[in-house]
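Trainee: File model_10.txt follows (compact mmCIF, C-alpha atoms):
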```txt
# COMPACT_ATOMS: atom_id res chain seq x y z
CA MET E 10 -21.39 1.31 -1.47
CA ILE E 11 -19.89 4.78 -2.04
CA ARG E 12 -21.52 6.72 -4.87
CA ALA E 13 -18.93 8.87 -6.69
CA GLY E 14 -19.43 11.74 -9.11
CA ILE E 15 -16.75 13.25 -11.34
CA ILE E 16 -16.77 16.83 -12.64
CA GLY E 17 -14.54 17.43 -15.65
CA GLY E 18 -14.20 13.86 -16.85
CA ALA E 19 -12.26 14.14 -20.12
CA GLY E 20 -8.66 14.71 -18.98
CA TYR E 21 -5.82 12.33 -18.14
CA THR E 22 -6.36 12.48 -14.38
CA ALA E 23 -10.10 11.88 -14.77
CA GLY E 24 -9.40 8.92 -17.05
CA GLU E 25 -7.12 7.36 -14.45
CA LEU E 26 -9.64 8.15 -11.72
CA ILE E 27 -12.44 6.40 -13.62
CA ARG E 28 -10.17 3.40 -14.22
CA LEU E 29 -9.55 3.11 -10.48
CA LEU E 30 -13.15 3.66 -9.45
CA VAL E 31 -14.76 1.19 -11.89
CA ASN E 32 -12.51 -1.47 -10.34
CA HIS E 33 -12.92 -0.32 -6.72
CA PRO E 34 -14.95 -2.89 -4.77
CA GLN E 35 -16.63 -0.26 -2.58
CA VAL E 36 -17.51 2.35 -5.23
CA GLU E 37 -20.25 2.89 -7.77
CA ILE E 38 -19.82 5.78 -10.23
CA ALA E 39 -22.98 7.92 -10.18
CA PHE E 40 -22.05 10.29 -13.01
CA VAL E 41 -19.13 11.60 -15.07
CA HIS E 42 -19.65 15.17 -16.22
CA SER E 43 -18.17 16.73 -19.34
CA THR E 44 -19.90 19.54 -21.20
CA SER E 45 -17.90 19.03 -24.40
CA ASN E 46 -18.42 15.24 -24.42
CA ALA E 47 -21.99 15.02 -23.11
CA GLY E 48 -23.73 11.96 -24.54
CA ASN E 49 -20.53 10.27 -25.66
CA LEU E 50 -19.39 6.97 -24.22
CA LEU E 51 -16.55 7.24 -21.71
CA THR E 52 -14.65 4.77 -23.89
CA GLU E 53 -14.72 7.19 -26.83
CA VAL E 54 -12.41 9.49 -24.84
CA HIS E 55 -10.69 7.02 -22.51
CA GLY E 56 -9.97 4.04 -24.74
CA GLY E 57 -8.35 2.08 -21.94
CA LEU E 58 -11.79 1.67 -20.37
CA GLU E 59 -13.05 -0.45 -23.25
CA GLY E 60 -14.76 -3.51 -21.78
CA ASP E 61 -14.90 -1.96 -18.28
CA THR E 62 -17.87 0.39 -18.58
CA THR E 63 -20.70 1.44 -20.88
CA MET E 64 -21.31 4.76 -19.10
CA ARG E 65 -21.72 8.02 -20.98
CA PHE E 66 -20.64 11.55 -20.11
CA CYS E 67 -23.42 13.81 -18.89
CA ALA E 68 -24.01 17.55 -19.08
CA GLU E 69 -26.50 17.60 -16.19
CA TYR E 70 -26.18 15.84 -12.84
CA ASP E 71 -27.80 15.68 -9.42
CA LEU E 72 -25.36 16.06 -6.54
CA LYS E 73 -27.83 14.23 -4.29
CA GLU E 74 -26.94 11.06 -6.21
CA ALA E 75 -23.34 11.20 -4.94
CA ASP E 76 -21.61 10.70 -1.59
CA VAL E 77 -18.33 12.15 -2.91
CA VAL E 78 -17.55 14.38 -5.88
CA PHE E 79 -14.11 14.57 -7.49
CA LEU E 80 -13.33 17.90 -9.15
CA CYS E 81 -11.07 17.24 -12.16
CA SER E 82 -11.51 20.46 -14.13
CA ALA E 83 -8.76 22.95 -14.95
CA HIS E 84 -7.11 25.04 -12.26
CA GLY E 85 -9.41 27.90 -11.23
CA GLN E 86 -12.61 26.09 -12.18
CA SER E 87 -13.14 24.35 -8.85
CA ARG E 88 -13.54 27.60 -6.95
CA LEU E 89 -16.03 28.86 -9.54
CA TRP E 90 -17.94 25.55 -9.39
CA LEU E 91 -18.15 25.60 -5.61
CA ALA E 92 -19.44 29.18 -5.56
CA GLU E 93 -22.32 28.17 -7.84
CA GLN E 94 -23.45 25.07 -5.90
CA THR E 95 -25.81 24.34 -3.07
CA LEU E 96 -24.22 21.21 -1.69
CA PRO E 97 -26.27 18.42 -0.12
CA GLU E 98 -25.55 17.86 3.55
CA GLY E 99 -22.84 15.25 4.03
CA LEU E 100 -21.43 15.47 0.50
CA ARG E 101 -17.66 15.09 0.46
CA LEU E 102 -15.43 16.87 -2.07
CA ILE E 103 -11.97 16.00 -3.38
CA ASP E 104 -10.42 18.70 -5.57
CA LEU E 105 -7.62 17.65 -7.91
CA ALA E 106 -6.91 21.23 -9.01
CA GLN E 107 -4.78 23.74 -7.11
CA ASP E 108 -7.66 26.00 -6.02
CA PHE E 109 -7.85 24.99 -2.35
CA ARG E 110 -4.36 23.76 -1.54
CA ASP E 111 -4.04 26.74 0.79
CA GLU E 112 -6.77 25.04 2.89
CA SER E 113 -9.29 27.82 2.28
CA GLU E 114 -13.05 27.12 2.26
CA GLY E 115 -12.66 24.32 4.80
CA PHE E 116 -10.41 22.10 2.66
CA VAL E 117 -7.72 19.88 4.21
CA TYR E 118 -4.47 19.41 2.30
CA GLY E 119 -4.59 15.81 1.11
CA LEU E 120 -1.09 14.45 1.61
CA PRO E 121 -1.69 11.37 3.78
CA GLU E 122 1.94 11.12 4.87
CA MET E 123 1.47 14.51 6.52
CA ASN E 124 -2.25 14.82 7.30
CA ARG E 125 -3.68 11.30 7.56
CA GLU E 126 -5.77 11.86 10.69
CA ARG E 127 -7.07 15.23 9.50
CA ILE E 128 -8.09 13.67 6.18
CA ARG E 129 -10.05 10.97 8.03
CA GLN E 130 -12.22 13.69 9.59
CA ALA E 131 -12.43 15.95 6.53
CA ARG E 132 -15.45 16.73 4.37
CA ARG E 133 -13.32 18.56 1.80
CA VAL E 134 -9.85 17.57 0.64
CA ALA E 135 -7.48 19.42 -1.68
CA ASN E 136 -5.34 16.88 -3.53
CA PRO E 137 -1.64 17.88 -3.74
CA GLY E 138 0.16 18.72 -6.96
CA CYS E 139 2.28 16.02 -8.60
CA PHE E 140 5.66 17.77 -8.26
CA ALA E 141 4.61 18.88 -4.78
CA THR E 142 3.93 15.28 -3.76
CA ALA E 143 7.28 13.98 -4.96
CA ILE E 144 9.27 16.85 -3.45
CA GLN E 145 7.46 16.90 -0.11
CA LEU E 146 7.87 13.16 0.32
CA ALA E 147 11.61 13.76 -0.09
CA LEU E 148 11.60 16.41 2.65
CA LEU E 149 8.85 15.66 5.19
CA PRO E 150 11.03 13.60 7.56
CA LEU E 151 13.65 16.37 7.74
CA ALA E 152 11.03 19.08 8.33
CA ALA E 153 9.23 17.04 11.00
CA ALA E 154 12.55 16.61 12.82
CA GLY E 155 13.42 20.31 12.53
CA LEU E 156 16.47 19.56 10.37
CA LEU E 157 15.90 21.84 7.40
CA GLU E 158 18.67 24.33 8.13
CA GLU E 159 19.94 25.51 4.73
CA GLU E 160 18.73 26.14 1.18
CA ILE E 161 17.10 23.23 -0.62
CA HIS E 162 18.02 22.37 -4.21
CA VAL E 163 15.61 20.39 -6.38
CA THR E 164 15.77 19.15 -9.96
CA ALA E 165 12.72 17.14 -10.96
CA VAL E 166 11.76 15.59 -14.29
CA THR E 167 8.17 14.86 -15.30
CA GLY E 168 6.51 12.96 -18.12
CA SER E 169 4.39 14.58 -20.83
CA THR E 170 1.07 13.63 -19.20
CA GLY E 171 1.86 16.18 -16.50
CA ALA E 172 1.00 18.89 -19.03
CA GLY E 173 -2.55 17.61 -19.48
CA VAL E 174 -4.48 16.20 -22.41
CA LYS E 175 -4.72 19.39 -24.50
CA PRO E 176 -1.89 19.47 -27.09
CA SER E 177 0.69 22.25 -26.98
CA ALA E 178 4.00 23.04 -28.61
CA THR E 179 5.91 21.24 -25.84
CA THR E 180 3.74 18.11 -25.67
CA HIS E 181 3.74 17.05 -29.32
CA PHE E 182 5.58 13.74 -29.79
CA SER E 183 7.83 15.17 -32.52
CA TRP E 184 9.13 17.82 -30.09
CA ARG E 185 9.16 15.80 -26.88
CA ALA E 186 10.82 12.65 -28.26
CA SER E 187 14.61 12.51 -27.81
CA ASN E 188 14.43 15.86 -26.05
CA LEU E 189 14.85 17.39 -22.58
CA SER E 190 14.03 20.93 -21.46
CA VAL E 191 13.75 23.18 -18.42
CA TYR E 192 10.59 25.17 -17.70
CA LYS E 193 9.35 27.52 -14.96
CA ALA E 194 12.76 27.47 -13.25
CA PHE E 195 12.50 28.82 -9.68
CA THR E 196 8.88 29.93 -10.30
CA HIS E 197 6.80 26.75 -10.53
CA GLN E 198 3.34 27.08 -8.95
CA HIS E 199 3.83 24.04 -6.70
CA LEU E 200 6.49 25.92 -4.73
CA LYS E 201 3.74 27.73 -2.85
CA GLU E 202 2.19 24.60 -1.33
CA ILE E 203 5.59 22.98 -0.72
CA THR E 204 6.89 26.01 1.19
CA ARG E 205 3.66 26.39 3.16
CA ASN E 206 3.63 22.80 4.36
CA LEU E 207 7.32 22.57 5.22
CA ARG E 208 6.91 25.68 7.37
CA LEU E 209 3.89 24.16 9.08
CA LEU E 210 6.09 21.26 10.14
CA GLU E 211 9.16 23.40 10.84
CA PRO E 212 8.09 27.00 11.52
CA ALA E 213 11.69 28.23 11.75
CA PHE E 214 12.48 27.15 8.20
CA GLY E 215 13.00 30.29 6.12
CA ARG E 216 15.47 29.28 3.45
CA GLU E 217 14.99 29.22 -0.31
CA ILE E 218 13.72 26.17 -2.18
CA ASN E 219 15.54 26.27 -5.51
CA PHE E 220 13.35 24.22 -7.83
CA VAL E 221 14.22 23.54 -11.47
CA PRO E 222 11.50 21.47 -13.21
CA MET E 223 12.28 19.59 -16.41
CA ARG E 224 10.22 17.98 -19.19
CA GLY E 225 11.25 14.40 -19.84
CA ASP E 226 11.08 12.18 -22.92
CA PHE E 227 8.50 9.77 -21.44
CA THR E 228 4.76 9.85 -20.77
CA ARG E 229 4.35 9.34 -17.04
CA GLY E 230 6.34 9.53 -13.84
CA ILE E 231 8.32 12.06 -11.79
CA LEU E 232 11.85 11.70 -10.47
CA ALA E 233 12.88 14.38 -7.97
CA SER E 234 16.55 14.81 -7.04
CA VAL E 235 16.81 16.88 -3.86
CA TYR E 236 19.79 17.89 -1.74
CA THR E 237 20.44 20.09 1.27
CA SER E 238 22.88 20.32 4.17
CA CYS E 239 22.12 17.96 7.03
CA PRO E 240 23.91 17.27 10.33
CA LEU E 241 22.94 13.57 10.36
CA ASP E 242 25.24 10.86 9.07
CA GLU E 243 23.91 8.50 6.42
CA GLU E 244 22.87 5.76 8.83
CA ALA E 245 20.94 8.18 11.04
CA ALA E 246 19.30 9.83 8.02
CA ARG E 247 18.17 6.49 6.63
CA LYS E 248 16.72 5.53 10.01
CA LEU E 249 14.89 8.87 10.19
CA TYR E 250 13.23 8.21 6.83
CA ALA E 251 12.49 4.57 7.56
CA ASP E 252 10.85 5.47 10.88
CA TYR E 253 8.83 8.33 9.38
CA TYR E 254 7.40 6.18 6.61
CA ALA E 255 7.07 2.96 8.61
CA THR E 256 3.27 3.29 8.78
CA ALA E 257 2.75 4.87 5.35
CA ALA E 258 0.54 2.79 3.08
CA PHE E 259 2.35 3.57 -0.17
CA THR E 260 5.55 5.50 0.56
CA HIS E 261 8.63 3.40 1.22
CA ALA E 262 12.14 4.42 2.23
CA THR E 263 14.68 2.14 0.58
CA GLU E 264 18.45 1.79 0.74
CA ARG E 265 18.59 0.82 -2.95
CA ASP E 266 18.75 3.28 -5.83
CA VAL E 267 15.30 4.07 -7.25
CA ASP E 268 13.96 4.58 -10.76
CA LEU E 269 10.67 5.36 -12.48
CA LYS E 270 9.93 1.82 -13.66
CA GLN E 271 9.50 0.78 -10.03
CA VAL E 272 6.50 3.09 -9.55
CA VAL E 273 4.89 3.83 -12.93
CA ASN E 274 1.28 2.55 -13.06
CA THR E 275 1.21 2.23 -9.25
CA ASN E 276 0.31 4.44 -6.30
CA LYS E 277 3.73 3.85 -4.73
CA ALA E 278 6.34 6.42 -3.83
CA LEU E 279 9.93 5.33 -3.27
CA VAL E 280 12.47 7.48 -1.42
CA HIS E 281 16.24 6.91 -1.28
CA VAL E 282 18.72 8.93 0.81
CA ALA E 283 22.51 9.08 0.71
CA LYS E 284 25.10 11.36 2.35
CA TYR E 285 27.90 13.11 0.46
CA GLY E 286 30.05 15.24 2.72
CA SER E 287 27.70 17.68 4.45
CA LYS E 288 24.97 17.19 1.85
CA LEU E 289 22.04 14.80 2.14
CA HIS E 290 20.81 13.68 -1.28
CA ILE E 291 17.23 12.42 -1.51
CA VAL E 292 15.68 10.88 -4.62
CA SER E 293 11.94 10.29 -4.76
CA VAL E 294 9.92 8.71 -7.57
CA ILE E 295 6.18 8.59 -8.20
CA ASP E 296 3.69 8.12 -11.03
CA ASN E 297 2.42 11.66 -11.65
CA LEU E 298 -1.07 10.47 -12.64
CA LEU E 299 -1.51 8.10 -9.68
CA LYS E 300 0.34 8.99 -6.48
CA GLY E 301 0.68 12.48 -7.99
CA ALA E 302 -3.03 12.82 -8.77
CA SER E 303 -5.84 10.25 -9.13
CA GLY E 304 -4.37 7.42 -7.03
CA GLN E 305 -3.78 9.80 -4.15
CA ALA E 306 -7.34 11.13 -4.59
CA VAL E 307 -8.71 7.60 -4.17
CA GLN E 308 -6.38 7.06 -1.22
CA ASN E 309 -7.88 10.20 0.34
CA MET E 310 -11.42 8.99 -0.41
CA ASN E 311 -10.67 5.72 1.36
CA LEU E 312 -9.50 7.61 4.43
CA MET E 313 -12.52 9.93 4.40
CA PHE E 314 -14.95 6.99 4.32
CA GLY E 315 -13.15 4.84 6.89
CA LEU E 316 -11.99 2.22 4.39
CA ASP E 317 -8.64 0.51 4.28
CA GLU E 318 -6.30 3.15 2.89
CA GLY E 319 -5.13 0.91 0.07
CA GLU E 320 -8.57 -0.32 -1.06
CA GLY E 321 -8.62 -0.53 -4.85
CA LEU E 322 -5.05 0.77 -5.15
CA HIS E 323 -2.77 -2.25 -4.90
CA LEU E 324 -1.47 -1.89 -8.45
CA LYS E 325 1.75 -3.63 -9.42
CA ALA E 326 4.60 -2.15 -11.42
CA SER E 327 5.63 -3.83 -14.65
CA ALA E 328 8.71 -6.04 -14.52
CA PHE E 329 10.04 -4.33 -17.67
```
For this file, produce the structure as structure tokens.
Mentor:
Amino acid sequence: MIRAGIIGGAGYTAGELIRLLVNHPQVEIAFVHSTSNAGNLLTEVHGGLEGDTTMRFCAEYDLKEADVVFLCSAHGQSRLWLAEQTLPEGLRLIDLAQDFRDESEGFVYGLPEMNRERIRQARRVANPGCFATAIQLALLPLAAAGLLEEEIHVTAVTGSTGAGVKPSATTHFSWRASNLSVYKAFTHQHLKEITRNLRLLEPAFGREINFVPMRGDFTRGILASVYTSCPLDEEAARKLYADYYATAAFTHATERDVDLKQVVNTNKALVHVAKYGSKLHIVSVIDNLLKGASGQAVQNMNLMFGLDEGEGLHLKASAF
């Protein structure tokens, strides 16, 4: 049985992570840390766990009680936490923040569709960003084949949970409902990890990635619409994607149009490609809290401990 600890247990991603782990047949949760909620029941913060657990948040914890620790605190806190710790030998870490996505401090970038074998051997994994996951899954087959030749154009829409649990002017229901807006155009922080990884696969790629993120009027999910010039015809492009993802546990290339309802509440990613003149158009969809965060973190844990990659993650989408 894998003993799991969680640091920073009050946010949306931590709530989803706890939901997955309490139902994982190979995992026992050792502790869930939250300074602000210490002593409170997990269910007082994460109401969806009612009936699943009677655990309480803790302020103090012993890392020796865990085989793996998930870091779910705000960006920047993971690096501070690591600098303050003396880690037990053999302890594995999975960071859900952006602190180590550059693979510093011995972390491996945790995108299984790119780094599966490296993740299997890793002691420390940096979980990818949600936008970064959706966009990279749209582009990995092209980069691996050396076919990224021109600028890349991306428009991607995310649900309100992508902004985290703390309320802000752009997450209030009265502002978000019946609304759509652009933010961080061409400057989003996930561009750094996307560019880095595409160039690892295709070192000659030096073009711009023009990324326009958008806030959507829904709670969870990301749809990324990506296009770039490509010399392949549609049939060859679809074969390229199908072959690349043939062994992927959760990412599927499909010839049908895709939408968010197919993936929300699951760890699936669906990718659809079509050719229009010289342009290849790729649409990818994921659940930002699962394949874009906590589901992928559990997928990485499974790989790190030699389990079936999909253990505890075969969640089904709603029919409606």
Trainee: Please measure the separation of atom CA of Ala306 of chain E and atom CA of Phe40 of chain E, giving the value in Å to one decimal.
Mentor: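 Atom-to-atom, atom CA of Ala306 of chain E to atom CA of Phe40 of chain E, that is 17.0 Å.
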Trainee: In Å, rounded to a single decimal, give me how far atom CA of Ser190 of chain E is from atom CA of Lys300 of chain E.
Mentor: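 Computed distance, atom CA of Lys300 of chain E to atom CA of Ser190 of chain E, equals 23.5 Å.
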Trainee: Env of Val134 of chain E: 10 Å cut, atoms = only C-alpha atoms, seq-sep filter 4 positions within chain, self excluded. Answer as a list of chain:residue names.
Mentor: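 The filter keeps E:Phe79, E:Arg101, E:Leu102, E:Ile103, E:Asp104, E:Leu105, E:Phe109, E:Arg110, E:Glu112, E:Gly115, E:Phe116, E:Val117, E:Tyr118, E:Gly119, E:Leu120, E:Arg127, E:Ile128, E:Arg129, E:Ala306, E:Asn309, E:Met310, E:Met313.
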Trainee: For Thr170 of chain E, which residue out of E:Phe66, E:Tyr285, E:Phe182, E:Phe314 is the nearest one, using all atoms listed in the file?
Mentor: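 The shortest atom-to-atom distance to Thr170 of chain E comes from E:Phe182.
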Trainee: One decimal, in Å: what's the spacing between atom CA of Ala141 of chain E and atom CA of Glu244 of chain E?
Mentor: 26.3 Å
